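As structure tokens, the structure follows; a few thoughts come after it.
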Protein chains: 2
Amino acid sequence: MKGKRITIYDIAKEVGIAPSSVSKALNNLPSVSNKIKALVKAKANELNYKYNSNAANLRSGFSRTIGVIVPKINVAFFSNAIAGMEEVCFENNHGLIICQSDESYEREVQCIQTLIHQNVDCILISLSQETRATQHLLEIKNNQMGLVQFDRVDESFASHRVVNDNSHAAYEAVKHLIEQGYKKIAFLGGSDHLTVYNDRKQGYLQAIKEADLNIPYNYILDNEFKTETALKAATELLQYKDPPDAFFTVTDHAALGVLKAAWSLGLRVPDEVGIIGFSNETFTEVTFPTLSSVDQQSRNLGKAAANMYFNHMLAAAPVNTVAQNFEMQVIESSLIVRESSERVRAM
Amino acid sequence: MKGKRITIYDIAKEVGIAPSSVSKALNNLPSVSNKIKALVKAKANELNYKYNSNAANLRSGFSRTIGVIVPKINVAFFSNAIAGMEEVCFENNHGLIICQSDESYEREVQCIQTLIHQNVDCILISLSQETRATQHLLEIKNNQMGLVQFDRVDESFASHRVVNDNSHAAYEAVKHLIEQGYKKIAFLGGSDHLTVYNDRKQGYLQAIKEADLNIPYNYILDNEFKTETALKAATELLQYKDPPDAFFTVTDHAALGVLKAAWSLGLRVPDEVGIIGFSNETFTEVTFPTLSSVDQQSRNLGKAAANMYFNHMLAAAPVNTVAQNFEMQVIESSLIVRESSERVRAM
DNA sequence: AATTTATTGGCAATCGGTTTCCTGAATTAA
DNA sequence: TTAATTCAGGAAACCGATTGCCAATAAATT
């Protein structure tokens with residue numbers, strides 16, 4: 001740190017008024033005349049003054065910064081969500097600090113510590129795969145900071161939330177498969193302690209039930225959300241004497257695994273095997289055939305999460321801190337029908 | 001802001017020593033005994049003390065935070081680079097603030113202002129498409145903050161830099177095409193004021209020249225880095241009476257466009273048309289056929305950019321501020337050969 | 001035993017805005 | 001004209017950690 005930074009004291013001296021008045025002028029407070037305001041602003045500009053948010057934050061208690069913790073920053077869903085958050089923060093003149101837990105509970109706890117030290121005003125978090133406890137979330141609240149859970153949330157922990165309509169989206173997806181004439185629809189799920197995956201499973205089950213389909217129990221698998229494992233699982237299922245004629249998977253990566261399995265077994269998609277994945281990853285548009293998927297509106301979800309803070313927590317006076325009621329927003333997903341699930345009308 | 005935050009004063013009172021000693025103990029400074037250190041740390045833990053970085057930063061001048069500005073956060077290359085930076089920052093106990101310029105010069109300037117206000121110690125930046133001037137970069141230096149340009153850099157502006165070996169990588173890619181027997185290799189480039197794209201073009205040209213191939217000038221196009229435009233351009237080129245037999249494109253998206261063009265014209269890839277893209281996007285693995293591409297080691301690049309600060313700027317005493325010599329690191333890319341460029345040995 | 005040298009810990013200033021309280025002047029009301 | 005009310009702007013405390021300097025005690029040296 002070398003060169004002297006321009007401060008409000010420098011401006012005050014130049015203009016010939018008190019530092020406190022400079023502060024008031026720069027913040028457009030009413031107790032200072034327009035003439036002075038203009039003078040101060042002009043001089044600030046002239047001297048190329050940069051206000052020091054550390055100083056301001058220290059005094060005011062607000063950092064005008066919010067933090068976000070995601071499992072993986074380079075997963076399309078999360079990076080899009082972050083892009084949305086960043087947009088909203090920028091509009092509201094707030095900074096955004098990003099941390100990734102790398103799907104580790106321990107890292108997640110560390111991230112929260114870091115953000116507490118940084119004194120962020122609010123934390124937006126999507127839980128890691130490993131996370132079961134919520135002790136660390138409690139600490140956020142103990143430090144008087146805002147908290148918004150998004151996507152991978154713990155429903156038992158009271159806080160504002162933004163989630164997808166996972167169950168309903170899955171229901172629609174499976175219903176679409178049924179409408180296309182598929183009757184033996186297998187399910188490849190995720191870690192079942194994560195509600196996002198579990199909700200998708202419920203949606204699947206509901207659609208199956210409504211259509212009164214008879215699905216063998218071994219068509220319904222958990223923990224098959226990666227390409228490789230899904231490839232293996234699908235290959236096995238498809239070689240049964242009574243194989244599934246369609247797959248609904250909780251991730252696009254799993255859908256890709258199924259596609260590869262069908263391919264290597266010489267089965268035609270969608271004629272002999274229908275496939276729908278989840279998340280609408282970029283690659284779903286370029287596989288052969290292209291993969292149907294559920295689009296989660298991740299960018300909007302991110303915007304909604306950030307707005308949860310700006311609309312419901314920043315302004316809101318902390319009146320009834322005891323009987324708080326938390327907002328819960330559901331972002332609608334939409335089914336993107338591509339080739340892998342649309343049978344040519346040759347029934 | 002409600003509940004009182006625990007400060008070093010609280011700890012001091014409880015332990016019965018001065019606040020300054022608490023600070024020294026917590027920072028492991030030598031002028032405090034181990035006994036006191038243990039006492040202080042135990043008490044800090046007990047009281048659940050969180051240190052306030054705003055206060056510390058204000059006094060010390062360092063924020064232990066670095067800022068990164070990228071054109072788009074949700075582009076695989078950048079989100080991976082950011083993931084790498086985040087990792088390095090985390091290891092070094094620094095925060096990372098992320099901003100996106102959205103390919104706009106104006107936004108880029110605003111991002112820099114924001115980061116200056118936040119008082120970050122260093123800014124890592126990859127320039128937007130629109131950016132031509134570097135006035136705003138100068139301001140970073142005027143504010144005594146570190147600056148590292150990465151990927152999309154302005155070579156005329158003196159600063160630390162981390163880039164890919166774009167030219168060489170392109171050269172290798174085109175050489176590979178030539179080795180596969182392609183003779184009429186077209187080039188789809190990017191905005192030519194960006195050195196990254198221009199370097200790739202130079203590498204292409206060099207390989208062409210060395211092989212003494214005769215390429216019609218209209219095979220070499222700029223500003224064709226998106227899927228749609230590349231699709232159109234390739235369709236046109238492929239319908240010439242003397243069409244290209246291969247394409248080298250500066251992005252994978254353009255490569256995808258070419259693939260689609262070949263497809264719709266009924267041309268077989270790689271037999272009749274060879275294709276190599278750039279960036280190794282996720283989707284290159286799942287197209288039909290799969291796309292060869294250049295992997296940029298984006299995560300490593302991000303780590304290198306962040307380490308540039310930790311290794312060369314943080315420790316380095318600002319001795320010869322005038323005759324500074326800037327580090328320039330080149331990250332090696334590697335060619336990933338997939339189906340789209342590997343002709344079955346049927347020559 | 002006396003004096004020099006280390007070691008340990010405290011005092012107080014400091015970073016740069018923010019905010020409360022207060023004063024003197026200007027405006028309005030009586 | 002005098003008293004009451006506004007209003008613009010200033011003085012100073014404050015946020016919480018850091019750090020240079022100093023004092024007191026302990027240790028080492030002669």
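The way I read the labels, and the way they are meant: chains A, B, ... in the order of the structure tokens, residue 1 as the first residue of every chain, and ligand 1 as the first ligand shown, with later ones counted on from there.
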Within 7 Å of chain C, which residues of chain A show up? Give each one with its shortest atom-to-atom distance in Å (one decimal) and the two atoms involved, counting only C-alpha atoms (C1' of nucleotides), rows by chain then rising residue number, as a Markdown table.
| residue | atom | partner | partner_atom | distance |
| --- | --- | --- | --- | --- |
| A:Thr7 | CA | C:DG16 | C1' | 6.8 |
| A:Asn52 | CA | C:DG16 | C1' | 6.8 |
| A:Ala55 | CA | C:DG16 | C1' | 5.1 |
| A:Ala56 | CA | C:DG17 | C1' | 4.8 |
| A:Arg59 | CA | C:DT18 | C1' | 5.9 |
| A:Ser60 | CA | C:DT18 | C1' | 6.4 |
* Taking only C-alpha atoms (C1' of nucleotides) into account, which residues of chain B are within 12 Å of chain D, as number ranges by chain? -> B: 4-10, 19-24, 26-27, 29, 31, 50-62
Dump as a CSV table (one decimal), in the first residue's frame, selection limited to N, CA and C atoms:
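The resulting part-v4.csv:
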chain,number,residue,atom,x,y,z
B,4,LYS,N,-25.2,-7.9,19.6
B,4,LYS,CA,-23.8,-7.5,19.7
B,4,LYS,C,-22.9,-8.6,19.2
B,5,ARG,N,-22.0,-8.1,18.4
B,5,ARG,CA,-21.0,-9.0,17.9
B,5,ARG,C,-19.8,-9.2,18.9
B,6,ILE,N,-19.3,-10.4,19.0
B,6,ILE,CA,-18.1,-10.5,19.9
B,6,ILE,C,-16.9,-9.9,19.3
B,7,THR,N,-16.2,-9.1,20.0
B,7,THR,CA,-15.0,-8.5,19.5
B,7,THR,C,-13.8,-8.8,20.3
B,8,ILE,N,-12.6,-8.4,19.9
B,8,ILE,CA,-11.5,-8.7,20.7
B,8,ILE,C,-11.5,-8.0,22.0
B,9,TYR,N,-12.3,-7.0,22.2
B,9,TYR,CA,-12.5,-6.3,23.4
B,9,TYR,C,-13.1,-7.2,24.5
B,10,ASP,N,-14.1,-8.0,23.9
B,10,ASP,CA,-14.8,-8.9,24.8
B,10,ASP,C,-13.8,-10.0,25.3
B,19,PRO,N,-6.7,-5.4,24.6
B,19,PRO,CA,-7.2,-5.8,23.3
B,19,PRO,C,-6.1,-6.1,22.3
B,20,SER,N,-5.1,-5.2,22.4
B,20,SER,CA,-4.0,-5.3,21.4
B,20,SER,C,-3.3,-6.7,21.6
B,21,SER,N,-3.2,-7.1,22.8
B,21,SER,CA,-2.6,-8.4,23.0
B,21,SER,C,-3.4,-9.6,22.4
B,22,VAL,N,-4.7,-9.4,22.5
B,22,VAL,CA,-5.6,-10.4,21.9
B,22,VAL,C,-5.3,-10.4,20.4
B,23,SER,N,-5.3,-9.3,19.8
B,23,SER,CA,-5.0,-9.3,18.4
B,23,SER,C,-3.7,-10.0,18.0
B,24,LYS,N,-2.7,-9.6,18.8
B,24,LYS,CA,-1.4,-10.3,18.6
B,24,LYS,C,-1.4,-11.8,18.8
B,26,LEU,N,-4.1,-13.7,18.5
B,26,LEU,CA,-4.8,-14.4,17.4
B,26,LEU,C,-4.0,-14.4,16.1
B,27,ASN,N,-3.2,-13.5,15.9
B,27,ASN,CA,-2.4,-13.5,14.7
B,27,ASN,C,-1.0,-14.2,14.8
B,29,LEU,N,1.5,-13.5,16.5
B,29,LEU,CA,2.7,-12.6,16.5
B,29,LEU,C,3.7,-13.0,17.6
B,31,SER,N,5.4,-11.5,19.8
B,31,SER,CA,5.6,-10.7,21.0
B,31,SER,C,4.5,-11.0,22.0
B,50,LYS,N,-16.0,-14.1,15.9
B,50,LYS,CA,-15.7,-14.0,14.4
B,50,LYS,C,-15.0,-12.7,14.2
B,51,TYR,N,-13.8,-12.8,13.6
B,51,TYR,CA,-13.1,-11.5,13.4
B,51,TYR,C,-13.7,-10.8,12.2
B,52,ASN,N,-13.7,-9.5,12.4
B,52,ASN,CA,-14.4,-8.6,11.4
B,52,ASN,C,-13.3,-8.1,10.4
B,53,SER,N,-13.4,-8.6,9.2
B,53,SER,CA,-12.4,-8.3,8.2
B,53,SER,C,-12.5,-6.8,7.8
B,54,ASN,N,-13.7,-6.3,7.9
B,54,ASN,CA,-13.8,-4.9,7.5
B,54,ASN,C,-12.9,-4.0,8.4
B,55,ALA,N,-12.9,-4.3,9.7
B,55,ALA,CA,-12.1,-3.5,10.6
B,55,ALA,C,-10.6,-3.8,10.3
B,56,ALA,N,-10.3,-5.0,10.1
B,56,ALA,CA,-8.9,-5.4,9.9
B,56,ALA,C,-8.4,-4.7,8.6
B,57,ASN,N,-9.3,-4.8,7.5
B,57,ASN,CA,-8.9,-4.3,6.2
B,57,ASN,C,-8.7,-2.8,6.3
B,58,LEU,N,-9.6,-2.2,7.0
B,58,LEU,CA,-9.5,-0.7,7.1
B,58,LEU,C,-8.2,-0.3,7.6
B,59,ARG,N,-7.8,-1.0,8.7
B,59,ARG,CA,-6.6,-0.6,9.3
B,59,ARG,C,-5.3,-1.0,8.5
B,60,SER,N,-5.4,-2.3,8.1
B,60,SER,CA,-4.2,-2.8,7.4
B,60,SER,C,-4.0,-2.4,5.9
B,61,GLY,N,-5.1,-2.1,5.3
B,61,GLY,CA,-5.1,-1.7,3.9
B,61,GLY,C,-5.3,-2.9,3.0
B,62,PHE,N,-5.2,-4.1,3.5
B,62,PHE,CA,-5.4,-5.3,2.7
B,62,PHE,C,-6.8,-5.9,3.0
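Compared by their closest atoms to chain A, and using only C-alpha atoms, the residues B:Ile17, B:Met313, B:Ile36, B:Ile331 rank with B:Met313 nearest.
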Closest contacts (chain B/chain A, max 8 Å, only C-alpha atoms) as CSV:
residue,atom,partner,partner_atom,distance
B:Met1,CA,A:Gly61,CA,6.6
B:Lys2,CA,A:Gln144,CA,6.9
B:Gly3,CA,A:Gln144,CA,7.1
B:Arg5,CA,A:Asn143,CA,7.7
B:Lys50,CA,A:His117,CA,6.2
B:Tyr51,CA,A:His117,CA,5.9
B:Asn52,CA,A:His117,CA,5.6
B:Ser53,CA,A:Gln118,CA,5.7
B:Asn54,CA,A:Asn54,CA,4.8
B:Ala55,CA,A:Leu58,CA,5.8
B:Asn57,CA,A:Asn54,CA,6.6
B:Leu58,CA,A:Asn54,CA,5.6
B:Gly61,CA,A:Met1,CA,6.6
B:Lys72,CA,A:Ala83,CA,7.9
B:Ile73,CA,A:Ala83,CA,6.1
B:Asn74,CA,A:Ser79,CA,4.9
B:Ala76,CA,A:Asn74,CA,6.6
B:Ser79,CA,A:Asn74,CA,4.9
B:Asn80,CA,A:Asn74,CA,5.4
B:Ile82,CA,A:Ile73,CA,7.8
B:Ala83,CA,A:Ile73,CA,6.1
B:Glu86,CA,A:Cys99,CA,7.0
B:Gly95,CA,A:Ile97,CA,7.3
B:Leu96,CA,A:Ile97,CA,6.0
B:Ile97,CA,A:Ile97,CA,4.5
B:Ile98,CA,A:Ile97,CA,6.3
B:Cys99,CA,A:Glu86,CA,7.0
B:Gln100,CA,A:Glu86,CA,7.6
B:Thr114,CA,A:Gly95,CA,7.4
B:Ile116,CA,A:Lys50,CA,7.3
B:His117,CA,A:Asn52,CA,5.5
B:Gln118,CA,A:Ser53,CA,5.7
B:Asn119,CA,A:Asn52,CA,6.8
B:Asn143,CA,A:Arg5,CA,7.6
B:Gln144,CA,A:Met1,CA,6.5
B:Thr282,CA,A:Phe283,CA,6.9
B:Phe283,CA,A:Phe283,CA,4.5
B:Val286,CA,A:Thr287,CA,5.3
B:Thr287,CA,A:Thr287,CA,4.9
B:Phe288,CA,A:Phe288,CA,5.8
Would you write out those residues with N, CA, C and O atoms, as a short mmCIF file (atom, residue, chain, number, x, y, z; two decimals), in the first residue's frame?
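File produced: result_28.cif:
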data_model
loop_
_atom_site.label_atom_id
_atom_site.label_comp_id
_atom_site.auth_asym_id
_atom_site.auth_seq_id
_atom_site.Cartn_x
_atom_site.Cartn_y
_atom_site.Cartn_z
N MET B 1 -29.12 -4.85 11.82
CA MET B 1 -28.02 -5.18 12.75
C MET B 1 -28.52 -5.15 14.19
O MET B 1 -28.76 -4.10 14.73
N LYS B 2 -28.60 -6.28 14.78
CA LYS B 2 -29.13 -6.30 16.13
C LYS B 2 -28.07 -6.78 17.14
O LYS B 2 -27.29 -5.97 17.62
N GLY B 3 -28.05 -8.03 17.40
CA GLY B 3 -27.22 -8.60 18.46
C GLY B 3 -25.78 -8.12 18.41
O GLY B 3 -25.21 -7.93 17.37
N ARG B 5 -21.97 -8.13 18.40
CA ARG B 5 -20.98 -9.04 17.87
C ARG B 5 -19.84 -9.16 18.89
O ARG B 5 -19.48 -8.18 19.53
N LYS B 50 -15.97 -14.11 15.86
CA LYS B 50 -15.71 -14.03 14.42
C LYS B 50 -14.97 -12.72 14.15
O LYS B 50 -15.51 -11.66 14.49
N TYR B 51 -13.84 -12.80 13.57
CA TYR B 51 -13.14 -11.53 13.40
C TYR B 51 -13.74 -10.75 12.25
O TYR B 51 -14.29 -11.30 11.30
N ASN B 52 -13.70 -9.48 12.38
CA ASN B 52 -14.35 -8.58 11.43
C ASN B 52 -13.33 -8.10 10.41
O ASN B 52 -12.49 -7.26 10.71
N SER B 53 -13.45 -8.64 9.23
CA SER B 53 -12.42 -8.29 8.24
C SER B 53 -12.53 -6.84 7.79
O SER B 53 -11.54 -6.25 7.38
N ASN B 54 -13.69 -6.27 7.91
CA ASN B 54 -13.81 -4.86 7.53
C ASN B 54 -12.90 -4.00 8.41
O ASN B 54 -12.20 -3.12 7.92
N ALA B 55 -12.94 -4.29 9.68
CA ALA B 55 -12.11 -3.52 10.60
C ALA B 55 -10.64 -3.76 10.30
O ALA B 55 -9.84 -2.82 10.20
N ASN B 57 -9.26 -4.83 7.54
CA ASN B 57 -8.88 -4.29 6.24
C ASN B 57 -8.69 -2.79 6.30
O ASN B 57 -7.80 -2.25 5.67
N LEU B 58 -9.59 -2.17 7.00
CA LEU B 58 -9.53 -0.71 7.08
C LEU B 58 -8.18 -0.29 7.63
O LEU B 58 -7.52 0.59 7.11
N GLY B 61 -5.14 -2.09 5.33
CA GLY B 61 -5.08 -1.73 3.93
C GLY B 61 -5.25 -2.91 2.99
O GLY B 61 -5.46 -2.74 1.80
N LYS B 72 -18.37 -13.90 -19.37
CA LYS B 72 -19.58 -14.68 -19.06
C LYS B 72 -19.21 -15.73 -18.04
O LYS B 72 -18.30 -16.53 -18.26
N ILE B 73 -19.94 -15.75 -16.97
CA ILE B 73 -19.60 -16.68 -15.91
C ILE B 73 -20.03 -18.10 -16.25
O ILE B 73 -19.47 -19.07 -15.78
N ASN B 74 -21.04 -18.23 -17.08
CA ASN B 74 -21.58 -19.56 -17.35
C ASN B 74 -21.07 -20.18 -18.65
O ASN B 74 -21.69 -21.08 -19.19
N ALA B 76 -18.28 -22.55 -20.05
CA ALA B 76 -17.47 -23.59 -19.41
C ALA B 76 -16.03 -23.14 -19.17
O ALA B 76 -15.50 -23.31 -18.08
N SER B 79 -16.06 -20.64 -16.23
CA SER B 79 -16.47 -21.16 -14.93
C SER B 79 -15.43 -22.16 -14.41
O SER B 79 -15.21 -22.25 -13.20
N ASN B 80 -14.78 -22.85 -15.31
CA ASN B 80 -13.70 -23.73 -14.86
C ASN B 80 -12.50 -22.93 -14.37
O ASN B 80 -11.87 -23.28 -13.37
N ILE B 82 -12.59 -20.01 -13.07
CA ILE B 82 -12.99 -19.46 -11.79
C ILE B 82 -12.90 -20.51 -10.70
O ILE B 82 -12.45 -20.25 -9.58
N ALA B 83 -13.32 -21.73 -11.05
CA ALA B 83 -13.22 -22.82 -10.07
C ALA B 83 -11.77 -22.99 -9.62
O ALA B 83 -11.49 -23.19 -8.44
N GLU B 86 -10.83 -20.06 -7.39
CA GLU B 86 -11.46 -20.19 -6.09
C GLU B 86 -10.67 -21.17 -5.22
O GLU B 86 -10.46 -20.92 -4.03
N GLY B 95 -10.68 -14.37 -0.04
CA GLY B 95 -11.99 -14.45 -0.68
C GLY B 95 -11.87 -14.13 -2.16
O GLY B 95 -10.89 -13.55 -2.60
N LEU B 96 -12.88 -14.53 -2.90
CA LEU B 96 -12.89 -14.25 -4.33
C LEU B 96 -14.22 -13.60 -4.69
O LEU B 96 -15.27 -14.17 -4.43
N ILE B 97 -14.16 -12.42 -5.27
CA ILE B 97 -15.38 -11.76 -5.71
C ILE B 97 -15.46 -11.84 -7.22
O ILE B 97 -14.48 -11.54 -7.90
N ILE B 98 -16.58 -12.28 -7.71
CA ILE B 98 -16.71 -12.52 -9.14
C ILE B 98 -17.65 -11.52 -9.79
O ILE B 98 -18.72 -11.23 -9.28
N CYS B 99 -17.23 -10.97 -10.92
CA CYS B 99 -18.09 -10.06 -11.67
C CYS B 99 -18.11 -10.51 -13.12
O CYS B 99 -17.13 -11.06 -13.61
N GLN B 100 -19.21 -10.26 -13.79
CA GLN B 100 -19.21 -10.56 -15.22
C GLN B 100 -19.50 -9.31 -16.03
O GLN B 100 -20.37 -8.52 -15.71
N THR B 114 -16.62 -1.24 -8.94
CA THR B 114 -17.13 -2.01 -7.80
C THR B 114 -15.99 -2.66 -7.03
O THR B 114 -15.92 -2.58 -5.80
N ILE B 116 -12.88 -1.84 -6.97
CA ILE B 116 -12.05 -0.83 -6.31
C ILE B 116 -12.70 -0.42 -4.99
O ILE B 116 -12.04 -0.29 -3.97
N HIS B 117 -14.02 -0.23 -5.04
CA HIS B 117 -14.73 0.13 -3.81
C HIS B 117 -14.58 -0.97 -2.77
O HIS B 117 -14.44 -0.71 -1.60
N GLN B 118 -14.66 -2.19 -3.24
CA GLN B 118 -14.54 -3.31 -2.33
C GLN B 118 -13.12 -3.44 -1.80
O GLN B 118 -12.85 -4.24 -0.92
N ASN B 119 -12.24 -2.68 -2.42
CA ASN B 119 -10.87 -2.65 -1.95
C ASN B 119 -10.16 -4.00 -2.10
O ASN B 119 -9.39 -4.40 -1.23
N ASN B 143 -4.75 2.68 -8.34
CA ASN B 143 -5.25 2.43 -7.00
C ASN B 143 -4.40 1.41 -6.25
O ASN B 143 -4.85 0.81 -5.28
N GLN B 144 -3.20 1.21 -6.73
CA GLN B 144 -2.24 0.35 -6.04
C GLN B 144 -2.70 -1.08 -5.90
O GLN B 144 -2.34 -1.77 -4.96
N THR B 282 -17.91 -29.45 -23.03
CA THR B 282 -18.46 -30.75 -22.64
C THR B 282 -19.15 -31.45 -23.80
O THR B 282 -19.02 -32.66 -23.98
N PHE B 283 -19.89 -30.69 -24.57
CA PHE B 283 -20.71 -31.33 -25.59
C PHE B 283 -19.91 -31.98 -26.71
O PHE B 283 -20.44 -32.80 -27.46
N VAL B 286 -20.17 -35.76 -26.97
CA VAL B 286 -21.42 -36.49 -27.17
C VAL B 286 -22.07 -36.23 -28.53
O VAL B 286 -23.16 -36.71 -28.79
N THR B 287 -21.42 -35.45 -29.37
CA THR B 287 -21.99 -35.25 -30.70
C THR B 287 -21.79 -36.52 -31.50
O THR B 287 -21.06 -37.44 -31.09
N PHE B 288 -22.43 -36.56 -32.64
CA PHE B 288 -22.29 -37.73 -33.50
C PHE B 288 -21.83 -37.28 -34.87
O PHE B 288 -22.61 -36.66 -35.58
#
* Taking only C-alpha atoms into account, which of A:Ile112, A:Pro216, A:Asp192, A:Phe248 comes nearest Tyr204 in chain A? ->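 So, comparing all the options, the nearest one is A:Phe248.
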* **Close residues, range 194-197 of chain B itself excluded, 7 Å, only C-alpha atoms (C1' of nucleotides), min 4 positions apart in chain, as a PyMOL selection string** => chain B and resi 152+166+189-190+201+250
Store the residues of this selection in a file with all heavy atoms, as a PDB file, in the first residue's frame.
ATOM      1  N   ARG B 152      -8.105 -13.544 -22.468  1.00  0.00           N
ATOM      2  CA  ARG B 152      -8.283 -12.430 -23.403  1.00  0.00           C
ATOM      3  C   ARG B 152      -7.553 -11.203 -22.869  1.00  0.00           C
ATOM      4  O   ARG B 152      -8.092 -10.442 -22.083  1.00  0.00           O
ATOM      5  CB  ARG B 152      -9.769 -12.115 -23.540  1.00  0.00           C
ATOM      6  CG  ARG B 152     -10.565 -13.270 -24.097  1.00  0.00           C
ATOM      7  CD  ARG B 152     -11.654 -12.735 -24.985  1.00  0.00           C
ATOM      8  NE  ARG B 152     -12.813 -13.603 -24.999  1.00  0.00           N
ATOM      9  CZ  ARG B 152     -14.068 -13.179 -24.836  1.00  0.00           C
ATOM     10  NH1 ARG B 152     -14.291 -11.891 -24.615  1.00  0.00           N
ATOM     11  NH2 ARG B 152     -15.069 -14.005 -24.902  1.00  0.00           N
ATOM     12  N   ASN B 166      -2.228 -20.294 -27.731  1.00  0.00           N
ATOM     13  CA  ASN B 166      -3.224 -20.367 -28.801  1.00  0.00           C
ATOM     14  C   ASN B 166      -2.631 -20.659 -30.168  1.00  0.00           C
ATOM     15  O   ASN B 166      -3.109 -21.524 -30.892  1.00  0.00           O
ATOM     16  CB  ASN B 166      -4.001 -19.052 -28.866  1.00  0.00           C
ATOM     17  CG  ASN B 166      -4.976 -18.918 -27.718  1.00  0.00           C
ATOM     18  OD1 ASN B 166      -5.940 -19.650 -27.635  1.00  0.00           O
ATOM     19  ND2 ASN B 166      -4.694 -17.990 -26.813  1.00  0.00           N
ATOM     20  N   GLY B 189     -12.926 -18.066 -37.969  1.00  0.00           N
ATOM     21  CA  GLY B 189     -12.297 -17.342 -36.870  1.00  0.00           C
ATOM     22  C   GLY B 189     -13.246 -16.532 -36.016  1.00  0.00           C
ATOM     23  O   GLY B 189     -14.470 -16.626 -36.134  1.00  0.00           O
ATOM     24  N   GLY B 190     -12.667 -15.713 -35.140  1.00  0.00           N
ATOM     25  CA  GLY B 190     -13.461 -14.873 -34.241  1.00  0.00           C
ATOM     26  C   GLY B 190     -13.233 -13.403 -34.542  1.00  0.00           C
ATOM     27  O   GLY B 190     -12.691 -13.055 -35.579  1.00  0.00           O
ATOM     28  N   LYS B 201      -5.517 -17.953 -35.500  1.00  0.00           N
ATOM     29  CA  LYS B 201      -5.450 -17.787 -36.952  1.00  0.00           C
ATOM     30  C   LYS B 201      -4.003 -17.885 -37.426  1.00  0.00           C
ATOM     31  O   LYS B 201      -3.703 -18.540 -38.437  1.00  0.00           O
ATOM     32  CB  LYS B 201      -6.023 -16.417 -37.319  1.00  0.00           C
ATOM     33  CG  LYS B 201      -6.216 -16.187 -38.810  1.00  0.00           C
ATOM     34  CD  LYS B 201      -6.877 -14.826 -39.012  1.00  0.00           C
ATOM     35  CE  LYS B 201      -7.222 -14.543 -40.450  1.00  0.00           C
ATOM     36  NZ  LYS B 201      -7.983 -13.265 -40.542  1.00  0.00           N
ATOM     37  N   VAL B 250     -12.370 -21.651 -34.375  1.00  0.00           N
ATOM     38  CA  VAL B 250     -11.802 -21.148 -33.122  1.00  0.00           C
ATOM     39  C   VAL B 250     -12.672 -21.422 -31.903  1.00  0.00           C
ATOM     40  O   VAL B 250     -12.289 -21.123 -30.774  1.00  0.00           O
ATOM     41  CB  VAL B 250     -11.506 -19.633 -33.187  1.00  0.00           C
ATOM     42  CG1 VAL B 250     -10.434 -19.350 -34.231  1.00  0.00           C
ATOM     43  CG2 VAL B 250     -12.765 -18.848 -33.453  1.00  0.00           C
TER      44      VAL B 250
END
* Structure fact -> re CA of Glu155 in chain A and CA of Tyr49 in chain B: distance 28.5 Å
* Asked: Within 6 Å of range 292-298 of chain B, counting only C-alpha atoms (C1' of nucleotides), which residues qualify if same-chain residues fewer than 2 places away don't, as a ChimeraX atom specification?
  -> /B:77,80-81,276-280,300-301,333-338,340
* To do: Just the alpha helix (DSSP H) stuff from range 167-326 of chain A, please, per backbone DSSP, written as a ChimeraX atom specification.
  => /A:167-179,195-210,227-238,252-264,298-309
* Selection near Arg343 in chain B, 8 Å with only C-alpha atoms (C1' of nucleotides), sequence-local residues under 4 positions removed, as number ranges by chain -> B: 180, 270-271, 274, 339
Keeping only N, CA and C atoms, write the selected residues as a PDB file, in the first residue's frame.
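File selection-v8.pdb, as written:
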ATOM      1  N   GLN B 180      -3.779 -36.158 -41.460  1.00  0.00           N
ATOM      2  CA  GLN B 180      -4.885 -37.067 -41.753  1.00  0.00           C
ATOM      3  C   GLN B 180      -5.252 -37.019 -43.235  1.00  0.00           C
ATOM      4  N   PRO B 270     -15.789 -38.208 -40.372  1.00  0.00           N
ATOM      5  CA  PRO B 270     -14.712 -37.375 -40.922  1.00  0.00           C
ATOM      6  C   PRO B 270     -14.302 -37.729 -42.357  1.00  0.00           C
ATOM      7  N   ASP B 271     -14.957 -38.716 -42.943  1.00  0.00           N
ATOM      8  CA  ASP B 271     -14.486 -39.181 -44.248  1.00  0.00           C
ATOM      9  C   ASP B 271     -14.425 -38.073 -45.300  1.00  0.00           C
ATOM     10  N   GLY B 274     -13.427 -33.105 -42.411  1.00  0.00           N
ATOM     11  CA  GLY B 274     -12.794 -33.177 -41.103  1.00  0.00           C
ATOM     12  C   GLY B 274     -13.104 -31.912 -40.313  1.00  0.00           C
ATOM     13  N   GLU B 339     -13.505 -38.361 -33.038  1.00  0.00           N
ATOM     14  CA  GLU B 339     -13.877 -38.949 -34.328  1.00  0.00           C
ATOM     15  C   GLU B 339     -13.863 -37.960 -35.498  1.00  0.00           C
TER      16      GLU B 339
END
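Backbone DSSP of range 127-313 of chain A yields strand (DSSP E) at Gly146, Leu147, Val148, Gln149, Phe150, His160, Arg161, Val162, Val163, Asn164, Ile185, Ala186, Phe187, Leu188, Ile220, Leu221, Ala246, Phe247, Phe248, Thr249, Gly274, Ile275, Ile276, Ser293, Val294 and Asp295 of chain A.
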* Report the distance between CA of Leu188 in chain B and CA of Glu224 in chain B in Å, rounded to one decimal place. =>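 Straight-line distance from CA of Leu188 in chain B to CA of Glu224 in chain B works out to 5.4 Å.
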